[in-house]
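S.K.: Can you read through this structure? Questions will come right after.
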Amino acid sequence: MRLVPRGEAPALFVAAVSLLAVLLAFAASLVLLALYGASPWEAIAVVYRGVLADPRGFAEVLRRAVPLTLAGAGLALAFRAQFWNIGAEGQLLVGAVAASGVALFGPGEGVAKLVLMAAVAFVAGGLWAMVPAYLKARLAVNDVITTLMFNYVAIYLVEWLIHGPWKGKSVFGFAYTDRFPASAWLPLWPGTGLAWPGLVLAVAAAALLAWLLGATKLGFEVRVVGENPEAARYAGVRALSTLLQVALLSGGVAGLAGFVEVAGTHHRLLAPLQISLGYGYTAIIVAWLGRNRPLATLLTGLLIGFVFAAGDVAKVALATPFQLVQVVNGLILFFLIAAEVPIRYRVVWRPERG
Amino acid sequence: MKRVGLAVLLVLGMLALAEGRLKAGWIYVGPIGDYGWTHAHDVGRREAAKAFPWLQTLYVESVPEGQVGSYIDQMVRQGVKVIFATSFGYMDGVLEAAKRYPNVIFAHASGFKRAPNVATYMADFYQVYYLNGLMAGALTKTGKVGYVGAFPIPEVKRHINAFALGVRAVNPKAKVLVRWIYEWYSPAAAKEATEALIAEGADVFAFTEDSPTVVQVAAGHKLPSFAHYSPMLKFAPDYVVSGQLVDWGVIYKDFLAKVYAGLYTPKNLEDVDYWWLLPQKAVALGADRGVPVNPKFIPALKAKKIHHPVFGEISVYDLVMKLKAMMSDVELAFDPFQGPIKDRKGNLRVPAGVRPTQAELESLEWAVQGVEGPWPNEPK
């Protein structure tokens with residue numbers, strides 16, 4: 001038996017193998033639950049009742065899916081251009097900072113204020129990603145490391161603001177800003193905790209990025225730069241400009257996720273770990289599971305959102321340990337990496353002729 | 001008397017409610033294994049569960065602040081009738097959920113916003129910190145006492161001030177050197193801060209952080225320290241002098257008994273605010289339960305005599321015990337923050353004969369004289 005590279009695998013096959021990987025990850029999670037002492041059947045029943053059959057519970061899936069899809073769709077674009085953006089978390093946080101700045105100190109009323117918040121969040125997230133992109137294109141600085149390090153800079157920026165200049169007057173000295181005025185809150189879908197404009201943004205961003213990648217000159221350049229940088233230079237594609245545009249878009253949509261989190265859920269700026277729950281890192285799984293297709297991140301974001309919401313339900317109903325969600329996400333990633341083998345190679349049941 | 005009252009309440013409750021079991025849920029901000037805040041609340045939950053056969057408890061740990069609403073949804077779905085939310089950051093989420101579930105009772109730790117079905121509660125240490133300060137003042141040889149603080153928020157500032165007032169009552173020239181680590185749980189940062197304070201000459205330590213790190217580092221240099229939140233004597237039996245211990249269980253038991261008895265309903269909690277101190281036994285002085293002062297340090301504390309304005313010539317050990325008794329009485333014949341108290345910039349903050357109100361203590365931002373080091377948000 002040996003493995004032979006198969007070239008481009010058919011899309012349906014890739015989807016089927018990915019789905020199998022996810023199902024295996026869920027099965028492994030249930031085995032873990034059983035080892036922990038919880039009944040897997042009860043777990044399925046509890047998750048069904050609490051998440052899928054309950055409108056408030058299902059809205060929680062969507063609420064998690066929104067930032068995951070926004071950041072994930074941006075990462076899908078970045079990865080296609082071989083821009084290894086590990087910094088969606090930081091881009092999300094600076095987006096949250098920018099949106100909070102406008103909410104607390106900026107002008108505007110009503111929808112105009114929300115639009116302004118979204119716009120500055122997009123720009124802030126984009127600029128945060130453009131610095132590592134510039135360093136990569138001009139000085140060949142490793143983008144995995146710079147984008148990752150920029151996350152920590154963003155974390156400390158938030159910490160400094162909430163402990164220092166932006167600390168609220170009404171928070172008893174705790175490290176939070178004051179609450180946003182009500183005009184800076186995103187409206188909720190009635191009876192749920194879901195800020196529905198976030199959902200609109202996520203769908204629009206995924207669709208726009210998909211269109212951009214598939215049907216525009218920038219999309220063509222991204223694909224050429226990503227797949228064959230040498231050919232790109234030969235064809236006259238300006239790598240720097242392409243990369244910067246990709247970074248702006250990729251970081252920008254992550255910044256939008258930060259806007260949705262503070263304007264939709266928290267209504268203030270607070271500790272970085274409370275703002276995002278690691279959405280920027282988990283979005284890497286979302287992008288990869290979607291095979292770096294922005295439109296596919298709508299589905300994969302929903303799936304990981306489901307993992308988060310189901311984990312919440314299981315924590316309360318089954319008293320599972322709080323690490324469960326990370327374990328399930330880790331298992332999904334693990335099986336996806338394993339799935340690369342059947343996707344890239346086919347198995348040949350024949351001895352190699354000497 | 002109090003115990004009899006509680007028993008009467010319980011009997012009344014059992015007669016009034018034939019329905020039986022009460023389900024209560026706890027929402028924790030950290031993991032129950034943190035050996036600090038969340039751990040202590042969980043000890044209190046287990047205490048209540050053990051005390052009341054009619055009580056069924058469940059808990060959920062490491063709940064992010066923005067998600068508290070959805071966790072409350074899950075708990076209500078499980079039939080929980082009383083929910084304890086144990087982080088300041090849950091405040092807005094709890095109040096919103098309280099509107100959604102008008103028949104569920106909520107209690108929010110360390111918050112200040114209430115509603116007909118939302119009470120607030122807090123066990124505060126400031127009295128105990130003063131007692132520890134007295135002992136620290138007696139034990140320092142360099143005249144420098146080190147304090148590792150978590151965050152410069154009013155709660156921690158109040159505790160450092162009470163501690164420093166105690167230090168200066170025994171040792172009027174002593175200083176309390178403060179370092180902030182900006183974490184609730186960070187052994188690495190606590191170690192670094194302790195080492196830095198030792199380098200500056202501090203030789204006795206107190207702290208606010210959810211690990212025994214400061215105790216261990218100080219003991220490594222053969223220096224005494226005061227435990228925080230959980231019993232820490234076992235981490236350095238020769239060097240932990242005393243400390244502050246919490247018992248959330250007494251609050252949880254009182255609250256749940258009153259709910260069960262029908263005294264607390266989802267309609268009458270608007271003014272229910274527990275601010276429990278030594279008299280209610282929500283906090284205690286000690287390096288360990290039942291060990292108010294480590295016997296190894298009693299001779300040194302007895303040997304140190306001071307002249308006290310009320311008691312005259314007295315040993316620090318006797319002073320600690322006398323004031324502890326006074327502060328453990330509901331009459332509160334003594335309060336550490338009784339004026340006159342000036343801040344370190346010379347402003348008179350508490351006039352002579354006056355005691356700050358609970359609200360003033362809860363929003364206190366200034367530093368008393370003798371406190372040295374950065375003090376964010378210090379008023380002019």
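Letters for chains follow the order of the structure tokens (A, B, ...), residue numbers begin at 1 for each chain, and ligand numbers begin at 1 in the order shown.
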Counting only C-alpha atoms, which residues of chain A come no farther than 6 Å from chain B, as a ChimeraX atom specification?
M.R.: /A:172-174,266,274,316
S.K.: Extract the full set of helix (DSSP H, G or I) residues from region 235-291 of chain A according to DSSP on the backbone, and format it as an MDAnalysis selection string.
M.R.: chainID A and resid 239:266 272:276 279:289
S.K.: Need the shell around Asn329 (chain A): protein/DNA/RNA residues with any atom at most 10 Å away, counting only C-alpha atoms. Skip same-chain ones fewer than 3 positions apart. Format as number ranges by chain?
M.R.: A: 22, 25-26, 29, 282, 285, 304, 307-308, 324-326, 332-334
S.K.: Pick out the closest residue to Pro172 (chain B) from this set: B:Leu131, B:Phe106, B:Val371, B:Glu378. Count only C-alpha atoms.
M.R.: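 Counting only C-alpha atoms, the residue closest to Pro172 (chain B) is B:Val371.
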S.K.: Smallest atom-to-atom distance to Ala310 (chain A): which of A:Ala43, A:Leu92, A:Ala210, A:Leu188, using only C-alpha atoms?
M.R.: A:Ala43
S.K.: Contacts of Val178 (chain B) at 8 Å or less, counting only C-alpha atoms, minus same-chain residues fewer than 2 places along, as a ChimeraX atom specification?
M.R.: /B:146-149,176,180,371-374
S.K.: Looking at B:Asp124, B:Glu192, B:Asp288, B:Glu270, which one is nearest to Met232 (chain B), with distances taken over only C-alpha atoms?
M.R.: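 Among the listed residues, B:Asp288 lies closest to Met232 (chain B).
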S.K.: Taking the DSSP secondary structure from the backbone, can you list the residues of region 154-361 of chain B that are strand (DSSP E or B), as a VMD selection string?
M.R.: chain B and resid 175 to 180 204 to 207 225 to 229 240 to 246 273 to 276 283 to 285 288 291 305 to 308 312 to 315 341 to 343 348 to 350
S.K.: Mind giving me the straight-line distance from CA of Leu161 (chain A) to CA of Ser100 (chain A) in Å, one decimal?
M.R.: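 According to the coordinates, CA of Leu161 (chain A) and CA of Ser100 (chain A) are separated by 10.6 Å.
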S.K.: Find the spatial neighbours of Pro5 (chain A), counting only C-alpha atoms, within a cut-off of 8 Å - ignore same-chain residues fewer than 6 positions away - and output them as a PyMOL selection string.
M.R.: chain A and resi 344-346
S.K.: Please provide the set of residues having any atom within 9 Å of region 17-19 of chain A, restricted to only C-alpha atoms, with same-chain residues fewer than 4 positions apart removed, written as JSON, numbers by chain.
M.R.: {"A": [12, 13, 23, 24, 289, 290, 335, 336, 339, 340, 342, 343]}
S.K.: What does the distance between CA of Glu360 (chain B) and CA of Lys342 (chain B) come to in Å, to one decimal place?
M.R.: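 Going from CA of Glu360 (chain B) over to CA of Lys342 (chain B), I get 14.9 Å.
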S.K.: Using only C-alpha atoms, determine which residues lie at most 12 Å from region 137-141 of chain A, disregarding the query and same-chain residues fewer than 4 positions distant; provide the list as a VMD selection string.
M.R.: chain A and resid 81 to 84 130 to 133 145 to 147 225 229 238 to 244 247
S.K.: Under the rule that only C-alpha atoms are counted, which of B:Leu233, B:Ala303, B:Gln127, B:Ala188 is the nearest residue to Ala325 (chain B)?
M.R.: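 That would be B:Gln127, the residue with the smallest distance to Ala325 (chain B).
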